[in-house]
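*Asks:* Pasting a structure below so you can have a look.
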Amino acid sequence: MASSSLLWLCSSNPLISPATHLKAHPRFPIRHRFRCSLVEPLKFENGKPHFPLLTSDHAFPTFLSPNSHFQNDINKHDTRLRIFSGTANPALAQEIACYMGLELGKIKIKRFADGEIYVQLQESVRGCDVFLVQPTCPPANENLMELLIMIDACRRASAKNITAVIPYFGYARADRKTQGRESIAAKLVANLITEAGANRVLACDLHSGQSMGYFDIPVDHVYGQFLMLGCCVSAFLYELFAHRKYFSLQFQPVILDYLASKTICSDDLVVVSPDVGGVARARAFAKKLSDAPLAIVDKRRHGHNVAEVMNLIGDVKGKVAVMVDDMIDTAGTIAKGAALLHQEGAREVYACSTHAVFSPPAIERLSSGLFQEVIITNTIPVSEQNYFPQLTVLSVANLLGETIWRVHDDCSVSSTFQ
C-alpha cells in the first residue's frame, strides 16, 4: 500500500523525486533504502529492455560462474540421507549401506581408560536425515550408552531427523511387572532414547508389540522372520531406486523360501510356538506356510533364564516341526521344547529365530543333535567360535535398507513389511 502511494505521488507531481519522498516519509526507514550504481549506461532500444539469448559464448560475472569445487561436493553428497554405524554390529551396517548404494558416514568412537565413551562425527549432518545402526546386544549397557551418545552428537550437529535403527532391542523382555517391586526397564530405555534426541525408532522383531507404546516417538516395527530376498544392488539398480516411482522390486520371503527348498510336504509340516506368549507370532508364520497347523509348548518358568516344559498342545507325531521364536538366549526354552517334540514323535525339528543372543550354554544345547537346523538372522553378530554345523545365518540388511529408504521417502512401511 505504501509503495503504490509512493508511485502515485511521484507520477502525479514530477517535482518530487522518489528519493526526496523517502527522506521525508517516516514509514520508509533508512535500512529499507538502496542505491543502484551503474557500471555502464543503460542502452534500451525504443525504451524497452533487450534480453539477449544466453549462450556459452557470453561471459558471466564471477559470482554467477559455476564453482567446480562446490559442484563436485554437491555431486558427491547428492542425498540428504546419512547412515552411521556404532561398534555393536558394523558388518550389518555395511551391508545396509551397500544395499542402498551409499557409503557409511565417517564417525569416530573410542573409549577412554576409565570406560567412558567418546563420539565425534567426521562429516557434516546439518539438515540431514540421519540413521544410526546400533543394536543393544551384549554388552547391552555399553552398546546402549554408545547409541545414546551417538544420538546426542547428531542432535548437537543440527541433524534434521535422527532415526535409531535398533535391529535388536535388548531390554524389550522387561516390558511388564511379573512380581512386586520390579522395574519396567523397556519403558526406561525408551525414555532415554527419546530424551537423547531421537525422532524415530526402527526396530526388528520386538519381544512384544506393547513395547512400541513405551516410546513417545514414532516406531517402525518390521519382522525379521519374513525377510525379503535381495542382496547388494549395483550402481544401475541404485539409479533405479533414485526414481522409485518408476521401479518396483519384487521381494520374496527368504526364510519361507529357505524352508520350501527343503521340499517338505505341507501335510507333514507343523509350526510350534515354544511358549504361550509367542502364539501370535507362530500363527502368522504358519499362515505363510500354506496355513500349516499350529502346536504350542506349555512351560513353567521358575526363574530368569530357567524354563521347564510341562506338556504339548497339538499333534506333531511323524511331522516336521518348525519352532518359531523372536530370540534364542540360553536356548533353554527351545531346547527343552525340541526334546518334548521328539518325545511326542516329531520326525525332524527346525528352529527359526530372529535374534541370536547365544548366552552360554546355548551353543552346547543347540548343537546337541536335537535340531535338524537352526536358522537365525544377523541382527546380532555371531562370533566364529559360536558357529556349529546346524547353524544357518540369513541377513536382514535388505529388509532394513528398504525400510530406511521408505522412511526417508515418506512412503508406507506397514503395507509391505508387517
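Chains: A, B, ... in order of the C-alpha cells. Residues: from 1 per chain. Ligands: from 1, in order shown.
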Identify, on the basis of only C-alpha atoms, every residue whose closest approach to Gly170 in chain A does not exceed 8 Å; exclude the query and any residue fewer than 6 positions from it along the same chain; express the result as a list in words.
*Replies:*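 So the residues in contact are Pro135, Thr136, Cys137 and Ala140 of chain A.
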*Asks:* May I have the residues within 9 Å of Asp175 in chain A as a PyMOL selection string, using only C-alpha atoms and disregarding those fewer than 3 positions away in the same chain?
*Replies:* chain A and resi 171-172+183-187+207-208+210-211+214
*Asks:* Once you have the residues from the selection above, write them out as a PDB file, in the first residue's frame, restricted to N, CA and C atoms.
*Replies:*
```pdb
ATOM      1  N   TYR A 171      16.424 -54.606  25.957  1.00  0.00           N
ATOM      2  CA  TYR A 171      15.647 -54.560  27.178  1.00  0.00           C
ATOM      3  C   TYR A 171      14.159 -54.789  26.937  1.00  0.00           C
ATOM      4  N   ALA A 172      13.803 -55.319  25.787  1.00  0.00           N
ATOM      5  CA  ALA A 172      12.390 -55.485  25.454  1.00  0.00           C
ATOM      6  C   ALA A 172      11.707 -56.545  26.318  1.00  0.00           C
ATOM      7  N   SER A 183      11.154 -53.346  38.167  1.00  0.00           N
ATOM      8  CA  SER A 183      11.227 -52.214  37.246  1.00  0.00           C
ATOM      9  C   SER A 183      10.742 -52.645  35.866  1.00  0.00           C
ATOM     10  N   ILE A 184      10.301 -51.670  35.086  1.00  0.00           N
ATOM     11  CA  ILE A 184       9.950 -51.896  33.674  1.00  0.00           C
ATOM     12  C   ILE A 184      11.039 -51.218  32.858  1.00  0.00           C
ATOM     13  N   ALA A 185      12.116 -51.956  32.638  1.00  0.00           N
ATOM     14  CA  ALA A 185      13.302 -51.377  32.008  1.00  0.00           C
ATOM     15  C   ALA A 185      13.053 -50.979  30.559  1.00  0.00           C
ATOM     16  N   ALA A 186      12.138 -51.660  29.887  1.00  0.00           N
ATOM     17  CA  ALA A 186      11.861 -51.320  28.488  1.00  0.00           C
ATOM     18  C   ALA A 186      11.349 -49.895  28.365  1.00  0.00           C
ATOM     19  N   LYS A 187      10.489 -49.473  29.273  1.00  0.00           N
ATOM     20  CA  LYS A 187       9.984 -48.105  29.274  1.00  0.00           C
ATOM     21  C   LYS A 187      11.093 -47.120  29.600  1.00  0.00           C
ATOM     22  N   HIS A 207      10.277 -58.048  21.275  1.00  0.00           N
ATOM     23  CA  HIS A 207       9.820 -59.199  22.055  1.00  0.00           C
ATOM     24  C   HIS A 207       8.310 -59.190  22.222  1.00  0.00           C
ATOM     25  N   SER A 208       7.734 -58.009  22.361  1.00  0.00           N
ATOM     26  CA  SER A 208       6.285 -57.878  22.437  1.00  0.00           C
ATOM     27  C   SER A 208       5.889 -56.563  21.788  1.00  0.00           C
ATOM     28  N   GLN A 210       3.720 -54.480  22.621  1.00  0.00           N
ATOM     29  CA  GLN A 210       3.402 -53.389  23.529  1.00  0.00           C
ATOM     30  C   GLN A 210       4.601 -52.487  23.775  1.00  0.00           C
ATOM     31  N   SER A 211       5.810 -52.958  23.483  1.00  0.00           N
ATOM     32  CA  SER A 211       6.997 -52.125  23.677  1.00  0.00           C
ATOM     33  C   SER A 211       6.969 -50.892  22.794  1.00  0.00           C
ATOM     34  N   TYR A 214       5.746 -47.775  24.522  1.00  0.00           N
ATOM     35  CA  TYR A 214       6.596 -47.133  25.510  1.00  0.00           C
ATOM     36  C   TYR A 214       7.308 -45.907  24.950  1.00  0.00           C
TER      37      TYR A 214
END
```
*Asks:* Write out as a ChimeraX atom specification the residues lying within 8 Å of Ile166 in chain A, counting only C-alpha atoms and excluding same-chain residues fewer than 4 positions away.
*Replies:* /A:133-136,201-204
*Asks:* Go ahead and save the picked residues with C-alpha atoms, as an mmCIF file, in the first residue's frame.
*Replies:*
```cif
data_model
loop_
_atom_site.group_PDB
_atom_site.id
_atom_site.type_symbol
_atom_site.label_atom_id
_atom_site.label_comp_id
_atom_site.auth_asym_id
_atom_site.auth_seq_id
_atom_site.Cartn_x
_atom_site.Cartn_y
_atom_site.Cartn_z
ATOM 1 C CA VAL A 133 22.559 -48.514 13.208
ATOM 2 C CA GLN A 134 23.255 -49.872 16.681
ATOM 3 C CA PRO A 135 21.677 -52.971 18.273
ATOM 4 C CA THR A 136 21.752 -53.145 22.054
ATOM 5 C CA VAL A 201 12.974 -45.717 16.069
ATOM 6 C CA LEU A 202 13.287 -48.574 13.579
ATOM 7 C CA ALA A 203 13.191 -51.931 15.376
ATOM 8 C CA CYS A 204 13.155 -55.520 14.185
#
```
*Asks:* What are the DSSP alpha helix (DSSP H) residues of range 128-178 of chain A, as a PDB file with N, CA, C and O atoms, in the first residue's frame?
*Replies:*
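Full text of part-v9.pdb as output:
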```pdb
ATOM      1  N   ALA A 140      25.100 -55.187  26.613  1.00  0.00           N
ATOM      2  CA  ALA A 140      23.929 -54.355  26.360  1.00  0.00           C
ATOM      3  C   ALA A 140      24.106 -52.931  26.871  1.00  0.00           C
ATOM      4  O   ALA A 140      23.775 -51.970  26.174  1.00  0.00           O
ATOM      5  N   ASN A 141      24.632 -52.773  28.063  1.00  0.00           N
ATOM      6  CA  ASN A 141      24.758 -51.435  28.631  1.00  0.00           C
ATOM      7  C   ASN A 141      25.767 -50.590  27.864  1.00  0.00           C
ATOM      8  O   ASN A 141      25.569 -49.390  27.659  1.00  0.00           O
ATOM      9  N   GLU A 142      26.864 -51.191  27.447  1.00  0.00           N
ATOM     10  CA  GLU A 142      27.874 -50.468  26.668  1.00  0.00           C
ATOM     11  C   GLU A 142      27.290 -50.001  25.344  1.00  0.00           C
ATOM     12  O   GLU A 142      27.456 -48.838  24.944  1.00  0.00           O
ATOM     13  N   ASN A 143      26.620 -50.891  24.650  1.00  0.00           N
ATOM     14  CA  ASN A 143      26.075 -50.537  23.340  1.00  0.00           C
ATOM     15  C   ASN A 143      24.917 -49.552  23.449  1.00  0.00           C
ATOM     16  O   ASN A 143      24.741 -48.697  22.572  1.00  0.00           O
ATOM     17  N   LEU A 144      24.128 -49.658  24.494  1.00  0.00           N
ATOM     18  CA  LEU A 144      23.040 -48.708  24.686  1.00  0.00           C
ATOM     19  C   LEU A 144      23.585 -47.303  24.957  1.00  0.00           C
ATOM     20  O   LEU A 144      23.115 -46.319  24.374  1.00  0.00           O
ATOM     21  N   MET A 145      24.582 -47.211  25.832  1.00  0.00           N
ATOM     22  CA  MET A 145      25.167 -45.902  26.131  1.00  0.00           C
ATOM     23  C   MET A 145      25.825 -45.306  24.898  1.00  0.00           C
ATOM     24  O   MET A 145      25.747 -44.089  24.653  1.00  0.00           O
ATOM     25  N   GLU A 146      26.447 -46.139  24.099  1.00  0.00           N
ATOM     26  CA  GLU A 146      27.058 -45.661  22.850  1.00  0.00           C
ATOM     27  C   GLU A 146      26.002 -45.114  21.905  1.00  0.00           C
ATOM     28  O   GLU A 146      26.208 -44.071  21.256  1.00  0.00           O
ATOM     29  N   LEU A 147      24.862 -45.783  21.821  1.00  0.00           N
ATOM     30  CA  LEU A 147      23.770 -45.292  20.971  1.00  0.00           C
ATOM     31  C   LEU A 147      23.272 -43.938  21.455  1.00  0.00           C
ATOM     32  O   LEU A 147      23.027 -43.027  20.649  1.00  0.00           O
ATOM     33  N   LEU A 148      23.114 -43.774  22.765  1.00  0.00           N
ATOM     34  CA  LEU A 148      22.627 -42.506  23.308  1.00  0.00           C
ATOM     35  C   LEU A 148      23.593 -41.371  23.000  1.00  0.00           C
ATOM     36  O   LEU A 148      23.180 -40.256  22.640  1.00  0.00           O
ATOM     37  N   ILE A 149      24.890 -41.632  23.111  1.00  0.00           N
ATOM     38  CA  ILE A 149      25.877 -40.588  22.835  1.00  0.00           C
ATOM     39  C   ILE A 149      25.917 -40.272  21.346  1.00  0.00           C
ATOM     40  O   ILE A 149      26.094 -39.107  20.946  1.00  0.00           O
ATOM     41  N   MET A 150      25.737 -41.267  20.497  1.00  0.00           N
ATOM     42  CA  MET A 150      25.664 -41.017  19.052  1.00  0.00           C
ATOM     43  C   MET A 150      24.465 -40.133  18.713  1.00  0.00           C
ATOM     44  O   MET A 150      24.566 -39.214  17.888  1.00  0.00           O
ATOM     45  N   ILE A 151      23.330 -40.413  19.326  1.00  0.00           N
ATOM     46  CA  ILE A 151      22.134 -39.590  19.096  1.00  0.00           C
ATOM     47  C   ILE A 151      22.385 -38.154  19.541  1.00  0.00           C
ATOM     48  O   ILE A 151      22.042 -37.188  18.838  1.00  0.00           O
ATOM     49  N   ASP A 152      23.008 -38.001  20.697  1.00  0.00           N
ATOM     50  CA  ASP A 152      23.283 -36.657  21.208  1.00  0.00           C
ATOM     51  C   ASP A 152      24.239 -35.907  20.293  1.00  0.00           C
ATOM     52  O   ASP A 152      24.070 -34.699  20.054  1.00  0.00           O
ATOM     53  N   ALA A 153      25.249 -36.600  19.753  1.00  0.00           N
ATOM     54  CA  ALA A 153      26.194 -35.956  18.846  1.00  0.00           C
ATOM     55  C   ALA A 153      25.494 -35.469  17.579  1.00  0.00           C
ATOM     56  O   ALA A 153      25.763 -34.370  17.083  1.00  0.00           O
ATOM     57  N   CYS A 154      24.588 -36.280  17.043  1.00  0.00           N
ATOM     58  CA  CYS A 154      23.848 -35.873  15.841  1.00  0.00           C
ATOM     59  C   CYS A 154      22.906 -34.707  16.131  1.00  0.00           C
ATOM     60  O   CYS A 154      22.748 -33.804  15.298  1.00  0.00           O
ATOM     61  N   ARG A 155      22.285 -34.729  17.298  1.00  0.00           N
ATOM     62  CA  ARG A 155      21.386 -33.627  17.645  1.00  0.00           C
ATOM     63  C   ARG A 155      22.141 -32.318  17.771  1.00  0.00           C
ATOM     64  O   ARG A 155      21.685 -31.277  17.288  1.00  0.00           O
ATOM     65  N   ARG A 156      23.319 -32.364  18.389  1.00  0.00           N
ATOM     66  CA  ARG A 156      24.114 -31.154  18.551  1.00  0.00           C
ATOM     67  C   ARG A 156      24.774 -30.731  17.246  1.00  0.00           C
ATOM     68  O   ARG A 156      25.254 -29.592  17.143  1.00  0.00           O
TER      69      ARG A 156
END
```
*Asks:* Can you pull out every residue from range 330-370 of chain A that DSSP, working from the backbone, puts in strand (DSSP E or B), and format the result as a count of residues only?
*Replies:* 9
*Asks:* Report, in Å to a single decimal, how far apart CA of Pro274 in chain A and CA of Ile328 in chain A are.
*Replies:*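 Separating CA of Ile328 in chain A from CA of Pro274 in chain A is a distance of 10.9 Å.
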*Asks:* Counting only C-alpha atoms, figure out which residue out of A:Ala338, A:Val374, A:Ala196, A:Ile313 gets nearest to Leu259 in chain A.
*Replies:* A:Val374
*Asks:* So how many Å separate CA of Pro381 in chain A and CA of Ala88 in chain A, to one decimal?
*Replies:*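 Going from CA of Pro381 in chain A over to CA of Ala88 in chain A, I get 7.9 Å.
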*Asks:* Which residues come within 12 Å of Ala280 in chain A, counting only C-alpha atoms, excluding same-chain residues fewer than 6 positions away, as a PyMOL selection string?
*Replies:* chain A and resi 207-209+271-274+286-287+294-296+324-326
*Asks:* Would you save the residues from that selection as a tab-separated table (two decimals), in the first residue's frame, using N, CA and C atoms?
*Replies:*
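Full text of again_1.tsv as output:
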```
chain	number	residue	atom	x	y	z
A	207	HIS	N	10.28	-58.05	21.28
A	207	HIS	CA	9.82	-59.20	22.05
A	207	HIS	C	8.31	-59.19	22.22
A	208	SER	N	7.73	-58.01	22.36
A	208	SER	CA	6.29	-57.88	22.44
A	208	SER	C	5.89	-56.56	21.79
A	209	GLY	N	4.73	-56.58	21.14
A	209	GLY	CA	4.28	-55.39	20.44
A	209	GLY	C	4.00	-54.21	21.35
A	271	VAL	N	3.91	-75.91	12.66
A	271	VAL	CA	4.62	-74.79	13.28
A	271	VAL	C	4.36	-74.83	14.78
A	272	VAL	N	5.43	-74.68	15.55
A	272	VAL	CA	5.35	-74.83	17.00
A	272	VAL	C	5.77	-73.52	17.68
A	273	SER	N	4.96	-73.06	18.60
A	273	SER	CA	5.33	-71.93	19.44
A	273	SER	C	5.96	-72.46	20.73
A	274	PRO	N	7.14	-71.99	21.09
A	274	PRO	CA	7.81	-72.53	22.29
A	274	PRO	C	7.15	-72.11	23.59
A	286	ALA	N	2.77	-69.65	10.46
A	286	ALA	CA	2.09	-70.82	9.92
A	286	ALA	C	1.18	-70.43	8.76
A	287	LYS	N	0.57	-69.26	8.84
A	287	LYS	CA	-0.31	-68.81	7.76
A	287	LYS	C	0.47	-68.63	6.47
A	294	LEU	N	-0.85	-75.65	13.88
A	294	LEU	CA	-0.11	-74.99	14.95
A	294	LEU	C	-0.09	-75.86	16.20
A	295	ALA	N	1.05	-75.88	16.86
A	295	ALA	CA	1.19	-76.57	18.15
A	295	ALA	C	1.84	-75.61	19.14
A	296	ILE	N	1.56	-75.81	20.41
A	296	ILE	CA	2.04	-74.90	21.46
A	296	ILE	C	2.70	-75.72	22.56
A	324	VAL	N	9.32	-71.50	16.17
A	324	VAL	CA	9.49	-70.09	15.82
A	324	VAL	C	9.50	-69.26	17.09
A	325	ASP	N	10.56	-68.45	17.24
A	325	ASP	CA	10.66	-67.56	18.40
A	325	ASP	C	11.39	-66.29	17.97
A	326	ASP	N	11.27	-65.25	18.78
A	326	ASP	CA	11.91	-63.99	18.41
A	326	ASP	C	13.39	-63.98	18.76
```
*Asks:* Counting only C-alpha atoms, which of A:Tyr258, A:Tyr387, A:Trp405, A:Tyr168 gets nearest to Tyr223 in chain A?
*Replies:*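 Closest to Tyr223 in chain A, using only C-alpha atoms: A:Tyr168.
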*Asks:* Can you list, as an MDAnalysis selection string, every protein, DNA or RNA residue that comes within 10 Å of Ser290 in chain A when you count only C-alpha atoms, leaving out same-chain residues fewer than 6 positions away?
*Replies:* chainID A and resid 266:267 269
*Asks:* Emit the selected residues as a PDB file, in the first residue's frame, including C-alpha atoms.
*Replies:*
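Full text of again-v6.pdb as output:
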```
ATOM      1  CA  SER A 266       2.846 -79.252   3.545  1.00  0.00           C
ATOM      2  CA  ASP A 267       0.870 -82.113   5.100  1.00  0.00           C
ATOM      3  CA  LEU A 269       4.639 -79.603   8.449  1.00  0.00           C
TER       4      LEU A 269
END
```
*Asks:* May I ask for the distance between CA of Asp216 in chain A and CA of Asn398 in chain A, given in Å to one decimal place?
*Replies:*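 Interatomic distance here is 27.2 Å.
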*Asks:* Have a look at A:Ile380, A:Leu188, A:Val165, A:Leu121 and name the one nearest to Val222 in chain A; count only C-alpha atoms.
*Replies:*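 Using only C-alpha atoms, the shortest distance to Val222 in chain A belongs to A:Val165.
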